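One structure is given here, and the rest of the page talks about it.
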Amino acid sequence: MSTYNGISEARAAYLRKIKQRKTYVAVTQFTILIGLVVLWEVLARLKVIDAFIMSQPSRIVDTFVSMISNNLLMHIGVTALETIIGFLLGTIIGTLVAVILWWSDFISRVMEPFLVVLNSLPKIALGPVIIVWVGAGSQAIIVVALAISMVVTILEMLNGFINTDSEIIKMATTFGASRSQIFTKIVFPSNICTLFNSLKVNIGLSLVGVIAGEFLVSKAGLGYLIVYGGQVFQMDLVMCSVIILAVVAYLMYQGVAMLERYANRLMNL
Amino acid sequence: MLRVEHLSKIYQAHNGEVEALSDISFEVQEGEYIGVVGPSGSGKSTLLSIIAGLLQPSGGELYINETKLSGITEDIGYMLQSDSLLEWRTILKNVLFGLEIRKTLTPENAEYAEHLLNNYGLYEFKDKYPSQLSGGMRQRVALIRTLAIRPKLLLLDEAFSALDYQTRLALTDDVYQILKRENMTTIMVTHDIPESISMSDRIIVLSNRPATIKRTLKIEFPEEVKTPLQRRNNPKFGQYFNEIWRDLDVHL
């Protein structure tokens with residue numbers, strides 16, 4: 001069998017094929033994106049669609065350029081900050097509550113119906129209440145974001161904690177492990193993956209909370225721009241803000257994914 | 001060294017009581033290897049769990065070296081069917097886990113654990129992770145983790161059942177030699193009759209639920225038969241098997 005670089009020809013061909021497939025997928029994705037943008041632009045120029053209502057890529061770019069000199073970074077910063085604070089608080093508080101519920105079967109049983117109701121309740125409905133309680137402003141937006149992400153975190157983390165391999169817990173018990181030893185040495189490390197999953201879910205949920213909160217009260221942020229654009233019928237502004245929002249969400253998700261890879265490497269998972 | 005007196009266990013469940021053990025009494029001598037066999041669901045594991053202190057007996061008493069047992073004690077090491085190695089710890093850190101839990105991780109004890117790893121051919125893997133080891137090696141690490149706490153009595157609960165047949169034969173040979181070398185007093189619960197004959201000095205046969213001791217069988221092989229594999233090749237092996245098989249009275 002002929003080889004080069006210590007790899008057999010069959011192996012090289014196999015690797016080539018995997019790489020090729022990856023390239024095809026990326027090229028197709030890119031083509032679809034460009035195709036849609038071009039189609040949108042062409043249809044708008046040919047007046048098949050009304051650019052006033054549907055907006056148009058070139059006008060979005062123009063809006064973007066003019067927004068840069070017009071506090072765009074501040075708006076992005078406000079939304080990003082509110083989201084990050086909301087989802088960090090939601091994850092931390094949610095995890096702490098889950099720890100308490102895991103610790104005490106009694107409290108867990110008592111809380112169950114309340115949690116189920118809280119989980120099904122659209123937290124946005126609490127918006128007006130929250131605004132009255134904590135005041136109209138960033139604090140209300142953060143609380144909405146927190147409320148949305150927290151309940152899901154509680155349920156997801158608790159579920160992860162409860163489903164920790166019972167054989168491993170039994171093993172630790174035979175050594176006489178205390179409840180806190182079982183938690184810190186087994187249950188929590190076993191659920192790093194669950195934690196990152198809920199972080200990932202929480203970015204999306206927290207963004208929902210922040211944008212909805214900004215719809216209700218804000219004077220700044222991407223949600224504010226979207227609502228403002230809608231009210232003054234500037235669809236270019238709305239579309240541009242939505243696209244920026246998508247990019248922000250994507251970057252945050254990638255940030256958490258990076259953190260997860262780092263944690264996994266640290267834990268050898 | 002271990003004395004079990006009139007042990008009984010009744011489980012309480014929603015739909016009534018289940019009597020698992022009834023009036024179990026036996027003694028184990030220092031350095032002895034006891035096999036416990038019985039029909040499935042006969043309460044073998046319940047018996048071990050009670051000795052380990054994981055379960056409270058409904059009646060009866062246990063003594064280790066004349067001290068009454070209640071709850072989990074430092075004298076007993078318990079090994080389960082799954083190796084339960086923690087994937088995020090290195091082999092050495094897994095081996096030290098029991099000492100860490102008991103807050104007895106002194107330099108001296110750590111050295112003893114490393115010495116065990118060294119003796120049983122795992123020292124070169126001490127900085128590797130469990131996922132990099134084969135099933136048989138993982139189980140050996142689990143055994144060393146249990147031995148590292150220097151138990152006086154070792155309990156094996158179907159400890160080799162999760163492994164494939166070849167690995168299992170090789171590992172039982174290996175473990176047998178380790179335990180004899182450490183002069184470990186051992187109680188092994190298994191549903192595998194040949195395994196129990198190949199390793200035990202004495203076999204306790206349990207009856208169907210509620211489990212009572214149906215009989216105790218002393219296993220004796222000629223002097224030159226030393227390892228579990230050699231026992232399997234000895235003519236007496238088949239005789240013991242038939243005796244136990246008759247006692248178990250298995251029906252489908």
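Naming scheme: A, B, ... for chains in displayed order of the structure tokens; residues 1 onward per chain; ligands 1 onward as shown.
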Would you list the contacts of Val36 of chain B as a PDB file with C-alpha atoms, in the first residue's frame, taking every protein, DNA or RNA residue within 9 Å and counting only C-alpha atoms, but skipping same-chain residues closer than 5 positions in sequence?
```pdb
ATOM      1  CA  LYS B  44     -28.352 -10.753  47.873  1.00  0.00           C
ATOM      2  CA  ILE B 187     -17.889 -11.048  50.698  1.00  0.00           C
ATOM      3  CA  MET B 188     -18.858 -11.313  47.055  1.00  0.00           C
ATOM      4  CA  VAL B 189     -22.431 -11.347  45.837  1.00  0.00           C
ATOM      5  CA  THR B 190     -22.915 -12.774  42.361  1.00  0.00           C
ATOM      6  CA  HIS B 191     -25.484 -14.540  40.227  1.00  0.00           C
ATOM      7  CA  SER B 196     -18.280 -17.792  42.998  1.00  0.00           C
ATOM      8  CA  ARG B 202     -17.040 -20.690  51.327  1.00  0.00           C
ATOM      9  CA  ILE B 203     -20.315 -20.179  49.479  1.00  0.00           C
ATOM     10  CA  ILE B 204     -23.566 -19.152  51.114  1.00  0.00           C
ATOM     11  CA  VAL B 205     -26.590 -20.229  49.088  1.00  0.00           C
ATOM     12  CA  LEU B 206     -29.700 -18.138  49.635  1.00  0.00           C
TER      13      LEU B 206
END
```
For segment 167-182 of chain A: contacts at 9 Å, only C-alpha atoms, fewer than 4 positions along chain excluded, given as a ChimeraX atom specification: /A:103,186-188 /B:52-54,72-74,76-86,97-99,101-102,146,149
Between atom CA of Ile203 of chain A and atom CA of Ala263 of chain A, measure the distance and give it in Å to one decimal.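 Between atom CA of Ile203 of chain A and atom CA of Ala263 of chain A the gap is 18.1 Å.
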Quick one: everything within 8 Å of Ser198 of chain B, counting only C-alpha atoms, minus sequence neighbours fewer than 3 positions away in the same chain. Send it as a PyMOL selection string. chain B and resi 194-195+227-229+231-232+237
Output N, CA, C and O atoms for every residue in the selection just made, as an mmCIF file, in the first residue's frame.
```
data_model
loop_
_atom_site.group_PDB
_atom_site.id
_atom_site.type_symbol
_atom_site.label_atom_id
_atom_site.label_comp_id
_atom_site.auth_asym_id
_atom_site.auth_seq_id
_atom_site.Cartn_x
_atom_site.Cartn_y
_atom_site.Cartn_z
ATOM 1 N N PRO B 194 -20.285 -20.237 38.572
ATOM 2 C CA PRO B 194 -18.865 -20.560 38.344
ATOM 3 C C PRO B 194 -17.929 -19.518 38.937
ATOM 4 O O PRO B 194 -16.893 -19.874 39.523
ATOM 5 N N GLU B 195 -18.301 -18.251 38.820
ATOM 6 C CA GLU B 195 -17.441 -17.209 39.365
ATOM 7 C C GLU B 195 -17.271 -17.375 40.872
ATOM 8 O O GLU B 195 -16.171 -17.261 41.415
ATOM 9 N N THR B 227 -5.206 -20.513 41.277
ATOM 10 C CA THR B 227 -5.925 -19.365 40.732
ATOM 11 C C THR B 227 -7.350 -19.761 40.325
ATOM 12 O O THR B 227 -7.646 -20.938 40.138
ATOM 13 N N PRO B 228 -8.240 -18.780 40.180
ATOM 14 C CA PRO B 228 -9.607 -19.067 39.725
ATOM 15 C C PRO B 228 -9.637 -19.843 38.404
ATOM 16 O O PRO B 228 -10.446 -20.755 38.245
ATOM 17 N N LEU B 229 -8.723 -19.509 37.477
ATOM 18 C CA LEU B 229 -8.730 -20.215 36.191
ATOM 19 C C LEU B 229 -8.358 -21.680 36.371
ATOM 20 O O LEU B 229 -8.954 -22.566 35.764
ATOM 21 N N ARG B 231 -8.858 -23.403 39.051
ATOM 22 C CA ARG B 231 -10.015 -24.041 39.694
ATOM 23 C C ARG B 231 -11.043 -24.471 38.653
ATOM 24 O O ARG B 231 -11.628 -25.543 38.750
ATOM 25 N N ARG B 232 -11.237 -23.598 37.659
ATOM 26 C CA ARG B 232 -12.234 -23.918 36.643
ATOM 27 C C ARG B 232 -11.879 -25.189 35.877
ATOM 28 O O ARG B 232 -12.750 -25.854 35.326
ATOM 29 N N PHE B 237 -14.591 -28.760 40.327
ATOM 30 C CA PHE B 237 -15.350 -27.570 39.961
ATOM 31 C C PHE B 237 -16.768 -27.941 39.522
ATOM 32 O O PHE B 237 -17.763 -27.372 39.985
#
```
Sel. of strand (DSSP E or B) residues, segment 122-177 of chain B, as an MDAnalysis selection string: chainID B and resid 153:157
Please produce a file of the residues just selected, as an mmCIF file, in the first residue's frame, where the atoms kept are N, CA and C atoms.
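Okay, this is what ended up in part-v9.cif:
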```cif
data_model
loop_
_atom_site.group_PDB
_atom_site.id
_atom_site.type_symbol
_atom_site.label_atom_id
_atom_site.label_comp_id
_atom_site.auth_asym_id
_atom_site.auth_seq_id
_atom_site.Cartn_x
_atom_site.Cartn_y
_atom_site.Cartn_z
ATOM 1 N N LEU B 153 -12.949 -5.118 55.668
ATOM 2 C CA LEU B 153 -13.860 -6.044 54.994
ATOM 3 C C LEU B 153 -14.232 -5.440 53.644
ATOM 4 N N LEU B 154 -14.119 -6.261 52.590
ATOM 5 C CA LEU B 154 -14.447 -5.782 51.252
ATOM 6 C C LEU B 154 -15.739 -6.446 50.775
ATOM 7 N N LEU B 155 -16.656 -5.631 50.275
ATOM 8 C CA LEU B 155 -17.903 -6.170 49.736
ATOM 9 C C LEU B 155 -17.914 -5.983 48.226
ATOM 10 N N LEU B 156 -18.137 -7.057 47.491
ATOM 11 C CA LEU B 156 -18.201 -6.968 46.034
ATOM 12 C C LEU B 156 -19.623 -7.293 45.591
ATOM 13 N N ASP B 157 -20.285 -6.304 44.997
ATOM 14 C CA ASP B 157 -21.672 -6.504 44.583
ATOM 15 C C ASP B 157 -21.739 -6.667 43.068
#
```
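Those residues that approach Thr216 of chain B to within 12 Å, counting only C-alpha atoms, are Ile24, Ser25, Phe26, Glu27, Val28, Ile34, Gly35, Val36, Val37, Gly38, Ser200, Asp201, Arg202, Ile203, Ile204, Val205, Leu206, Ser207, Tyr240, Glu243, Ile244 and Asp247 of chain B; same-chain residues fewer than 5 positions away are not listed.
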Please provide the set of residues having any atom within 12 Å of Val4 of chain B, restricted to only C-alpha atoms, with same-chain residues fewer than 6 positions apart removed, written as a ChimeraX atom specification. /B:23-29,47-48,50-51,57,59-69,213
How far is it from atom CA of Ala113 of chain B to atom CA of Leu92 of chain B, in Å with one decimal?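 Computing it gives 8.1 Å between the two atoms.
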Expected answer as a ChimeraX atom specification: alpha helix (DSSP H) residues in segment 19-267 of chain A: /A:19-45,51-54,57-68,72-103,105-120,127-134,138-162,166-174,179-182,188-190,192-217,222-231,235-267
